[in-house]
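The file data31.txt comes next; it holds compact mmCIF, C-alpha atoms.
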```txt
# COMPACT_ATOMS: atom_id res chain seq x y z
CA MET A 1 0.00 0.00 0.00
CA PRO A 2 1.81 3.13 -1.12
CA ALA A 3 1.95 5.95 1.39
CA GLU A 4 2.69 9.59 0.64
CA THR A 5 5.28 11.49 2.63
CA ALA A 6 6.47 14.96 1.66
CA GLY A 7 5.54 14.41 -1.97
CA ALA A 8 7.50 11.18 -2.39
CA ARG A 9 5.78 7.84 -2.84
CA VAL A 10 7.00 5.48 -0.16
CA LEU A 11 6.40 1.75 -0.37
CA ARG A 12 6.26 -0.17 2.87
CA SER A 13 6.99 -3.86 3.15
CA HIS A 14 8.66 -6.29 5.52
CA ALA A 15 11.22 -9.09 5.45
CA PHE A 16 13.43 -10.85 8.01
CA GLY A 17 11.51 -9.17 10.84
CA LEU A 18 12.21 -5.68 9.52
CA ASP A 19 9.65 -3.18 8.33
CA VAL A 20 11.26 -1.62 5.29
CA THR A 21 10.43 1.45 3.23
CA SER A 22 11.59 2.30 -0.26
CA GLU A 23 10.76 4.78 -2.99
CA ILE A 24 10.98 2.08 -5.65
CA GLU A 25 9.37 -1.33 -5.94
CA LEU A 26 11.75 -4.07 -4.91
CA VAL A 27 11.63 -7.68 -5.98
CA GLY A 28 10.31 -9.96 -3.27
CA LEU A 29 9.11 -7.11 -1.09
CA PRO A 30 5.39 -6.72 -1.81
CA ALA A 31 3.70 -3.62 -0.43
CA THR A 32 1.89 -4.21 2.84
CA GLU A 33 -0.62 -2.06 4.69
CA THR A 34 0.21 -2.99 8.24
CA PRO A 35 3.67 -2.64 9.71
CA LEU A 36 4.95 -5.62 11.69
CA ARG A 37 5.77 -3.56 14.72
CA PRO A 38 5.55 0.02 15.87
CA ARG A 39 9.32 0.48 15.70
CA ALA A 40 10.86 2.62 12.99
CA ALA A 41 11.37 0.94 9.63
CA THR A 42 14.66 0.33 7.89
CA GLU A 43 14.82 2.73 4.97
CA ILE A 44 16.20 1.46 1.67
CA GLU A 45 17.63 4.11 -0.61
CA VAL A 46 18.88 3.47 -4.11
CA VAL A 47 21.50 5.82 -5.48
CA ALA A 48 21.78 6.18 -9.27
CA PRO A 49 24.37 3.78 -10.68
CA ASP A 50 27.55 4.75 -8.96
CA ARG A 51 30.31 3.38 -6.83
CA PRO A 52 29.98 4.15 -3.13
CA ASP A 53 32.46 6.63 -1.81
CA PRO A 54 34.52 4.48 0.58
CA GLY A 55 34.46 7.40 3.04
CA ARG A 56 35.09 6.17 6.55
CA HIS A 57 35.25 2.60 5.33
CA ALA A 58 38.65 3.30 3.83
CA ASP A 59 39.83 3.12 7.44
CA GLY A 60 37.39 0.37 8.36
CA GLU A 61 38.09 -3.20 9.22
CA LEU A 62 37.72 -5.93 6.60
CA VAL A 63 35.41 -8.34 8.44
CA ARG A 64 34.61 -10.77 5.66
CA ILE A 65 35.86 -11.64 2.22
CA VAL A 66 34.59 -14.40 -0.07
CA HIS A 67 36.46 -15.71 -3.12
CA ARG A 68 35.41 -18.04 -5.89
CA PRO A 69 37.51 -21.18 -6.38
CA ASP A 70 39.37 -19.38 -9.18
CA GLY A 71 40.45 -16.72 -6.69
CA GLU A 72 38.16 -13.93 -7.84
CA MET A 73 36.64 -11.96 -4.99
CA THR A 74 32.83 -12.10 -4.95
CA LEU A 75 32.02 -10.32 -1.68
CA SER A 76 33.80 -8.14 0.83
CA VAL A 77 32.41 -6.57 3.96
CA HIS A 78 34.09 -3.66 5.72
CA PHE A 79 33.00 -2.33 9.08
CA HIS A 80 33.56 1.08 10.57
CA GLU A 81 32.16 2.05 13.95
CA ASP A 82 30.66 5.29 12.63
CA GLY A 83 30.07 4.32 9.02
CA GLY A 84 28.53 0.88 9.58
CA TYR A 85 28.89 -1.95 7.09
CA LEU A 86 29.94 -1.64 3.46
CA LEU A 87 29.27 -4.69 1.30
CA THR A 88 30.95 -4.79 -2.08
CA LEU A 89 29.99 -7.31 -4.76
CA PRO A 90 32.10 -6.74 -7.88
CA GLY A 91 29.93 -6.67 -10.99
CA VAL A 92 26.82 -6.05 -8.89
CA GLY A 93 27.28 -3.03 -6.67
CA GLY A 94 27.93 -1.70 -3.21
CA TYR A 95 25.58 -1.56 -0.23
CA ARG A 96 25.95 0.47 2.91
CA VAL A 97 24.15 -0.53 6.12
CA SER A 98 24.15 2.12 8.84
CA PRO A 99 25.64 1.16 12.23
CA ASP A 100 22.12 0.86 13.73
CA GLY A 101 20.65 -1.03 10.75
CA PHE A 102 17.97 1.60 10.09
CA ARG A 103 19.31 2.69 6.73
CA VAL A 104 20.44 0.72 3.69
CA THR A 105 21.91 2.55 0.72
CA CYS A 106 22.33 0.65 -2.55
CA PHE A 107 24.84 1.61 -5.24
CA PRO A 108 24.12 -0.66 -8.23
CA GLU A 109 26.96 -0.75 -10.74
CA HIS A 110 26.34 0.89 -14.08
CA GLY A 111 24.54 -1.46 -16.47
CA VAL A 112 23.69 -4.16 -13.94
CA SER A 113 20.10 -5.39 -14.21
CA GLU A 114 17.64 -4.63 -11.43
CA TRP A 115 16.92 -8.22 -10.50
CA TRP A 116 20.63 -8.94 -10.15
CA TRP A 117 21.44 -6.21 -7.64
CA GLN A 118 18.11 -6.69 -5.86
CA ARG A 119 18.92 -10.39 -5.43
CA ALA A 120 22.01 -9.40 -3.48
CA LEU A 121 19.91 -6.93 -1.49
CA VAL A 122 17.50 -9.61 -0.29
CA ASN A 123 20.06 -12.44 -0.02
CA GLN A 124 22.90 -10.62 1.70
CA VAL A 125 22.15 -7.05 2.70
CA LEU A 126 18.77 -7.20 4.43
CA PRO A 127 19.79 -10.25 6.53
CA LEU A 128 22.82 -8.28 7.69
CA ALA A 129 20.66 -5.22 8.52
CA ALA A 130 18.25 -7.47 10.43
CA THR A 131 21.14 -8.97 12.40
CA VAL A 132 22.34 -5.48 13.31
CA ARG A 133 18.77 -4.72 14.44
CA GLY A 134 18.83 -7.66 16.87
CA PHE A 135 17.40 -10.60 14.93
CA GLU A 136 19.37 -13.80 14.60
CA MET A 137 19.71 -15.49 11.22
CA LEU A 138 19.84 -19.18 10.48
CA HIS A 139 21.23 -20.38 7.17
CA ALA A 140 17.98 -22.15 6.36
CA GLY A 141 15.11 -22.45 3.97
CA ALA A 142 11.69 -22.63 5.61
CA VAL A 143 8.06 -23.34 4.89
CA ALA A 144 4.89 -22.93 6.93
CA ILE A 145 3.03 -26.12 7.91
CA ASP A 146 0.06 -26.10 10.27
CA GLY A 147 0.79 -22.61 11.59
CA ARG A 148 4.45 -23.31 12.34
CA ALA A 149 7.65 -22.44 10.53
CA ILE A 150 9.59 -25.56 9.61
CA ALA A 151 13.26 -24.84 8.92
CA LEU A 152 15.59 -26.80 6.67
CA VAL A 153 19.22 -26.26 7.59
CA GLY A 154 22.17 -27.57 5.63
CA HIS A 155 25.40 -26.85 3.85
CA PRO A 156 25.28 -25.24 0.41
CA GLY A 157 24.28 -27.97 -2.03
CA ALA A 158 22.51 -30.08 0.61
CA GLY A 159 19.21 -29.39 -1.11
CA LYS A 160 17.55 -26.69 1.02
CA SER A 161 16.09 -24.74 -1.91
CA SER A 162 15.04 -27.82 -3.88
CA THR A 163 13.36 -29.42 -0.87
CA THR A 164 11.69 -26.13 0.11
CA LEU A 165 10.27 -25.64 -3.40
CA ASN A 166 9.01 -29.23 -3.55
CA LEU A 167 7.36 -28.78 -0.17
CA ILE A 168 5.44 -25.84 -1.63
CA LEU A 169 4.30 -27.90 -4.59
CA GLN A 170 2.98 -30.40 -2.04
CA GLY A 171 0.94 -27.85 -0.12
CA ALA A 172 3.24 -26.03 2.34
CA ALA A 173 3.49 -22.23 2.24
CA PHE A 174 6.75 -20.53 1.32
CA PHE A 175 8.45 -18.81 4.25
CA THR A 176 12.04 -18.05 3.25
CA ASP A 177 14.72 -19.38 0.94
CA ASP A 178 18.18 -19.07 2.42
CA ALA A 179 18.09 -16.93 5.55
CA LEU A 180 15.61 -17.38 8.39
CA ALA A 181 15.22 -14.53 10.88
CA ILE A 182 14.37 -15.59 14.40
CA GLU A 183 13.82 -13.83 17.68
CA GLN A 184 12.79 -14.81 21.16
CA SER A 185 9.44 -13.47 22.30
CA SER A 186 8.05 -13.89 25.79
CA ARG A 187 6.19 -17.07 24.71
CA ASP A 188 7.81 -18.43 21.57
CA ILE A 189 10.87 -18.53 19.43
CA LEU A 190 9.41 -16.62 16.51
CA ALA A 191 10.44 -17.02 12.89
CA HIS A 192 9.97 -14.16 10.44
CA PRO A 193 9.32 -14.60 6.72
CA GLY A 194 12.09 -13.56 4.37
CA ALA A 195 11.68 -11.90 0.99
CA GLY A 196 9.22 -13.40 -1.49
CA VAL A 197 11.92 -14.76 -3.76
CA SER A 198 13.76 -18.03 -3.98
CA ASN A 199 16.80 -19.27 -5.81
CA PHE A 200 15.58 -21.85 -8.28
CA PRO A 201 18.23 -24.45 -9.12
CA ARG A 202 18.23 -25.12 -12.85
CA THR A 203 18.41 -28.89 -12.32
CA GLU A 204 15.35 -28.81 -10.09
CA ARG A 205 13.40 -26.71 -12.59
CA GLU A 206 14.13 -29.27 -15.29
CA LEU A 207 12.95 -32.08 -13.02
CA MET A 208 9.71 -30.27 -12.18
CA LYS A 209 8.89 -29.66 -15.85
CA GLY A 210 5.43 -28.09 -16.19
CA GLU A 211 4.82 -28.01 -12.45
CA ALA A 212 7.43 -25.31 -11.95
CA GLY A 213 4.99 -22.68 -13.21
CA ARG A 214 2.78 -23.28 -10.17
CA LEU A 215 5.49 -21.90 -7.88
CA GLY A 216 5.69 -18.39 -9.31
CA ASP A 217 7.40 -16.38 -12.02
CA ILE A 218 11.06 -16.24 -12.95
CA VAL A 219 12.33 -12.73 -12.32
CA GLY A 220 14.80 -11.21 -14.76
CA GLY A 221 17.53 -13.45 -16.10
CA GLU A 222 19.47 -16.29 -14.57
CA ASP A 223 23.02 -17.44 -14.18
CA ALA A 224 24.46 -20.82 -15.12
CA PHE A 225 23.03 -22.57 -12.06
CA LYS A 226 20.05 -20.67 -10.71
CA ALA A 227 17.20 -18.38 -11.58
CA LEU A 228 15.40 -16.07 -9.20
CA LEU A 229 11.81 -17.04 -8.58
CA ALA A 230 9.20 -14.56 -7.32
CA ILE A 231 6.99 -16.51 -5.00
CA GLU A 232 4.11 -15.72 -2.67
CA ARG A 233 5.23 -15.96 0.92
CA GLU A 234 3.58 -16.52 4.26
CA PRO A 235 2.75 -12.97 5.38
CA ALA A 236 3.25 -13.12 9.14
CA PRO A 237 5.73 -14.40 11.73
CA LEU A 238 5.12 -17.89 13.11
CA PRO A 239 6.49 -19.95 15.99
CA LEU A 240 9.55 -21.94 14.94
CA GLY A 241 8.14 -25.47 14.89
CA ALA A 242 11.08 -27.70 14.03
CA LEU A 243 14.56 -27.71 12.58
CA TYR A 244 15.67 -30.36 10.10
CA PHE A 245 19.38 -30.71 9.41
CA LEU A 246 19.70 -31.94 5.83
CA ARG A 247 22.59 -34.26 5.07
CA ARG A 248 23.26 -36.06 1.83
CA GLY A 249 24.18 -39.74 2.20
CA GLN A 250 25.97 -41.99 -0.25
CA PRO A 251 23.82 -43.93 -2.71
CA GLY A 252 22.61 -47.08 -1.05
CA THR A 253 22.37 -45.58 2.44
CA GLU A 254 18.95 -45.59 4.00
CA ALA A 255 16.96 -42.37 4.18
CA ARG A 256 16.07 -41.56 7.78
CA ILE A 257 14.81 -38.85 10.10
CA GLU A 258 16.06 -39.02 13.68
CA ARG A 259 15.45 -36.75 16.65
CA VAL A 260 18.60 -35.02 17.91
CA GLU A 261 18.15 -35.02 21.68
CA GLU A 262 21.35 -33.18 22.56
CA PRO A 263 22.28 -30.93 19.66
CA ASP A 264 25.93 -29.95 19.50
CA PRO A 265 26.13 -26.19 20.21
CA THR A 266 28.67 -25.80 17.41
CA LEU A 267 26.17 -27.32 14.99
CA LEU A 268 23.65 -24.59 15.81
CA LEU A 269 26.19 -21.76 16.04
CA GLY A 270 27.66 -22.93 12.76
CA SER A 271 24.22 -22.77 11.16
CA THR A 272 23.83 -19.05 11.68
CA TYR A 273 23.96 -16.91 8.60
CA VAL A 274 25.57 -13.50 8.99
CA LEU A 275 29.26 -13.86 9.81
CA SER A 276 30.20 -10.20 9.47
CA VAL A 277 28.50 -8.87 12.60
CA ARG A 278 30.72 -9.68 15.57
CA SER A 279 29.65 -7.11 18.16
CA PRO A 280 29.37 -8.36 21.78
CA ASP A 281 25.59 -7.79 21.69
CA ARG A 282 25.21 -9.92 18.57
CA LEU A 283 27.45 -12.72 19.87
CA ALA A 284 25.52 -12.86 23.14
CA ASN A 285 22.17 -12.81 21.32
CA GLN A 286 23.36 -15.52 18.94
CA LEU A 287 24.41 -17.82 21.80
CA ASP A 288 21.16 -17.10 23.69
CA LEU A 289 18.98 -18.01 20.75
CA CYS A 290 20.94 -21.14 19.89
CA ALA A 291 20.62 -22.30 23.51
CA SER A 292 16.87 -21.58 23.46
CA ILE A 293 16.41 -23.45 20.19
CA ALA A 294 18.34 -26.43 21.56
CA ALA A 295 16.14 -26.48 24.66
CA ARG A 296 12.76 -25.80 23.10
CA VAL A 297 12.58 -26.59 19.39
CA PRO A 298 12.50 -30.20 18.14
CA ILE A 299 15.61 -30.83 16.04
CA PHE A 300 15.93 -33.67 13.55
CA ASP A 301 18.72 -35.15 11.51
CA LEU A 302 17.45 -35.78 7.97
CA LEU A 303 19.74 -38.08 6.01
CA ILE A 304 18.85 -38.32 2.34
CA PRO A 305 20.91 -40.37 -0.11
CA THR A 306 21.98 -38.45 -3.20
CA THR A 307 19.87 -40.81 -5.31
CA VAL A 308 16.63 -39.66 -3.65
CA ALA A 309 14.86 -36.83 -5.48
CA ALA A 310 14.02 -33.59 -3.67
CA ARG A 311 10.36 -34.34 -4.35
CA ASP A 312 10.64 -37.48 -2.21
CA SER A 313 12.66 -35.87 0.58
CA ALA A 314 10.02 -33.09 0.66
CA SER A 315 7.27 -35.73 1.03
CA ALA A 316 9.15 -37.28 3.96
CA VAL A 317 9.55 -33.89 5.67
CA LEU A 318 5.92 -32.95 5.08
CA GLU A 319 4.64 -36.18 6.57
CA HIS A 320 7.03 -36.02 9.51
CA ALA A 321 6.52 -32.32 10.28
CA SER A 322 2.77 -32.64 10.21
CA GLY A 323 3.00 -35.01 13.17
CA ALA A 324 6.00 -33.46 14.94
CA PRO A 325 5.66 -32.17 18.49
CA PHE A 326 5.24 -28.46 19.11
CA GLN A 327 7.84 -26.14 20.54
CA VAL A 328 8.22 -26.43 24.30
CA PRO A 329 6.65 -23.34 25.94
CA ALA A 330 8.93 -20.92 27.76
CA MET B 331 50.41 -17.24 46.35
CA GLU B 332 51.33 -18.77 42.99
CA GLN B 333 53.43 -21.88 42.76
CA ASN B 334 54.68 -23.17 39.43
CA GLY B 335 52.01 -21.17 37.58
CA THR B 336 49.08 -22.48 39.63
CA ARG B 337 47.31 -20.55 42.31
CA ASP B 338 47.33 -21.90 45.85
CA ALA B 339 43.94 -23.59 46.07
CA GLY B 340 43.33 -22.12 49.50
CA SER B 341 43.13 -18.62 48.02
CA ILE B 342 40.03 -19.27 45.92
CA GLY B 343 37.63 -19.17 48.86
CA VAL B 344 34.58 -16.94 48.45
CA GLY B 345 33.54 -14.26 45.96
CA VAL B 346 33.94 -16.19 42.72
CA ARG B 347 32.16 -14.29 39.95
CA VAL B 348 31.72 -14.16 36.19
CA PRO B 349 33.17 -11.07 34.47
CA ASP B 350 30.70 -8.87 32.58
CA HIS B 351 32.26 -9.85 29.26
CA VAL B 352 31.64 -13.57 29.73
CA VAL B 353 28.35 -15.43 29.27
CA PHE B 354 27.59 -19.04 30.10
CA ARG B 355 24.66 -20.75 28.37
CA ALA B 356 23.46 -24.28 29.01
CA PHE B 357 22.72 -26.56 26.07
CA PRO B 358 21.20 -30.02 26.60
CA GLY B 359 24.56 -31.84 26.48
CA GLU B 360 27.05 -29.08 27.07
CA THR B 361 27.53 -25.64 28.59
CA VAL B 362 29.12 -23.01 26.39
CA ALA B 363 31.12 -20.10 27.76
CA LEU B 364 31.61 -17.16 25.43
CA ASN B 365 34.19 -14.45 26.00
CA LEU B 366 32.62 -11.41 24.33
CA GLN B 367 35.93 -9.56 24.23
CA THR B 368 37.74 -12.21 22.24
CA GLY B 369 34.77 -13.93 20.56
CA LYS B 370 36.13 -17.29 21.75
CA TYR B 371 33.82 -20.14 22.72
CA HIS B 372 34.68 -22.72 25.38
CA GLY B 373 32.78 -25.96 25.91
CA LEU B 374 32.16 -27.54 29.32
CA ASN B 375 30.85 -31.05 29.80
CA PRO B 376 27.61 -31.48 31.81
CA VAL B 377 29.40 -31.99 35.14
CA ALA B 378 31.62 -28.95 34.70
CA GLY B 379 28.58 -27.00 33.49
CA ARG B 380 26.67 -27.92 36.63
CA MET B 381 29.68 -26.96 38.77
CA VAL B 382 29.80 -23.51 37.17
CA GLU B 383 26.06 -23.04 37.50
CA ALA B 384 26.16 -23.86 41.22
CA LEU B 385 29.29 -21.78 41.71
CA ILE B 386 27.72 -18.73 40.07
CA GLU B 387 24.69 -19.07 42.35
CA SER B 388 26.63 -19.32 45.59
CA GLY B 389 29.93 -17.61 44.76
CA GLU B 390 31.59 -19.87 47.34
CA VAL B 391 33.70 -22.91 46.62
CA GLU B 392 33.08 -24.66 49.95
CA ALA B 393 29.30 -24.26 49.85
CA THR B 394 29.19 -25.30 46.19
CA ALA B 395 31.30 -28.38 46.91
CA ALA B 396 28.97 -29.40 49.74
CA LEU B 397 25.92 -29.03 47.49
CA LEU B 398 27.46 -30.96 44.60
CA ALA B 399 28.83 -33.71 46.87
CA GLU B 400 25.27 -34.37 47.92
CA GLU B 401 23.91 -34.16 44.38
CA TYR B 402 26.48 -36.55 42.95
CA ASP B 403 26.82 -38.69 46.10
CA GLN B 404 30.61 -38.22 46.17
CA PRO B 405 33.04 -37.40 49.00
CA ARG B 406 33.08 -33.68 49.63
CA GLU B 407 36.89 -33.49 49.59
CA THR B 408 37.02 -35.04 46.12
CA VAL B 409 34.38 -32.68 44.75
CA GLU B 410 36.05 -29.66 46.33
CA ALA B 411 39.42 -30.58 44.83
CA ASP B 412 37.82 -30.97 41.39
CA LEU B 413 35.99 -27.68 41.82
CA ARG B 414 39.13 -25.79 42.78
CA HIS B 415 40.94 -27.30 39.80
CA LEU B 416 38.10 -26.17 37.51
CA CYS B 417 38.12 -22.68 39.03
CA GLU B 418 41.84 -22.32 38.38
CA ASP B 419 41.40 -23.46 34.80
CA LEU B 420 38.47 -21.12 34.10
CA SER B 421 40.28 -18.26 35.79
CA ARG B 422 43.38 -18.85 33.65
CA ARG B 423 41.15 -18.60 30.58
CA GLY B 424 39.55 -15.38 31.87
CA LEU B 425 36.11 -16.95 32.20
CA ILE B 426 35.67 -16.37 35.93
CA GLU B 427 37.24 -14.00 38.40
CA LEU B 428 38.59 -15.24 41.69
CA PRO B 429 39.01 -12.96 44.71
CA ALA B 430 42.79 -13.05 44.21
CA ASP B 431 42.34 -11.83 40.59
CA ARG B 432 40.52 -8.72 41.79
CA ALA B 433 43.04 -8.09 44.56
CA SER B 434 45.97 -8.08 42.15
```
Do you think you could lay out the structure here as structure tokens?
Amino acid sequence: MPAETAGARVLRSHAFGLDVTSEIELVGLPATETPLRPRAATEIEVVAPDRPDPGRHADGELVRIVHRPDGEMTLSVHFHEDGGYLLTLPGVGGYRVSPDGFRVTCFPEHGVSEWWWQRALVNQVLPLAATVRGFEMLHAGAVAIDGRAIALVGHPGAGKSSTTLNLILQGAAFFTDDALAIEQSSRDILAHPGAGVSNFPRTERELMKGEAGRLGDIVGGEDAFKALLAIEREPAPLPLGALYFLRRGQPGTEARIERVEEPDPTLLLGSTYVLSVRSPDRLANQLDLCASIAARVPIFDLLIPTTVAARDSASAVLEHASGAPFQVPA
Amino acid sequence: MEQNGTRDAGSIGVGVRVPDHVVFRAFPGETVALNLQTGKYHGLNPVAGRMVEALIESGEVEATAALLAEEYDQPRETVEADLRHLCEDLSRRGLIELPADRAS
């Protein structure tokens, strides 16, 4: 629902627990009428194609750098106490997140398509802003089943996106693709929906054939491995119902789902998503939430041989999650 | 008070406390201590985790040892020796403060 402020059209939406405002429509962030919470929104500003002035970040600390196997840098994150976080994705653009997480400024590179730089915004930048604002992020896809968020955690390539998308084809509601925002309320561990977009592995799209169209529309172009799918998401936060750790087994191993009674803390801490925010407040919040999840949320080990299709692993999760116990009350 | 790098166990006494920059959180099979200044995590097994929990509550080694000796049905002297050893180890890692740490 567009709102008017001082002559400028402002679109309001939400993702990862944040209310967000923007003067342009953003992929995966449909306009909403009702803010999630009375707190101030995070404002997203897009600057005409330009490189961000490094400003204070020239003196900032490099807190994260990611390289491709061929050595090419794909992401760097600098932090400066006064300037906040500066994310740089060569070939895509730069993004500045203010130290309090209330302002995100995007600097798309000249000539880069909208869907490409907006994909980085929803995949990388907003999760970081949400972490700065006090939410914790799990590296997880999630769907909504019976009024609960069911999270699928796993290493890249374990099949989170494929299983999530197949769960939707089988009746679950989309919740988030790769980053799940959680927070502790007085009663529940709450999960917040992400952006209404999902990475769509090319191999999975080929397997789904005609059914893929039921999921949503492909946005913009695609790279060699994935497209970006616009997909209707669950609109509201839900209690975190269960966590499934996806592991791929060798062909011939038996598929199984087993309850993890005493989850290894490092398994949960290692499943968090934003590595660049290392403030004492964040580290304490991260440990708190992982301890609460371990104590209150049913956790399962889901071993799926590589020969089992995502459609079948989704069926197993759907059947299991529908009968899984609820979160233990605080 | 220090001999060969270890503190005389008799000096631990009362007033054990957790520094503001350290948090302990219990997981079902392990307690994790996090030093917020260094970002380092330390794992404690369930017995050590219970020792720390009881120690934080009472702040006194002797009283904690008496409580745990009853809980675990072990001789008090044995539990107290283990507790003092744990205190020295945690103190060396900066995860708790002993009265002697604050005096120095």
Chain B residues near chain A within 7 Å, closest pair each, using only C-alpha atoms, as a Markdown table:
```
| residue | atom | partner | partner_atom | distance |
| --- | --- | --- | --- | --- |
| B:Arg355 | CA | A:Ala291 | CA | 6.5 |
| B:Ala356 | CA | A:Ala291 | CA | 6.5 |
| B:Phe357 | CA | A:Ala291 | CA | 5.4 |
| B:Pro358 | CA | A:Glu262 | CA | 5.1 |
| B:Gly359 | CA | A:Glu262 | CA | 5.2 |
| B:Leu366 | CA | A:Pro280 | CA | 5.1 |
```
Give the answer as one residue: which of B:Val391, B:Val377, B:Ile426, B:Ala363 has the shortest atom-to-atom distance to Arg414 of chain B, using all atoms listed in the file?
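Of B:Val391, B:Val377, B:Ile426, B:Ala363, the one nearest Arg414 of chain B, counting all atoms listed in the file, is B:Val391.
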Atom CA of Val197 of chain A to atom CA of Val27 of chain A, distance in Å rounded to a single decimal:
7.4 Å
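Taking atom CA of Gly157 of chain A and atom CA of Leu169 of chain A as the two end points, the separation is 20.1 Å.
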B:Val353, B:Thr361, B:Leu397, B:Tyr371: which is nearest Leu385 of chain B, counting all atoms listed in the file?
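Residue with the minimum atom-to-atom distance to Leu385 of chain B: B:Leu397.
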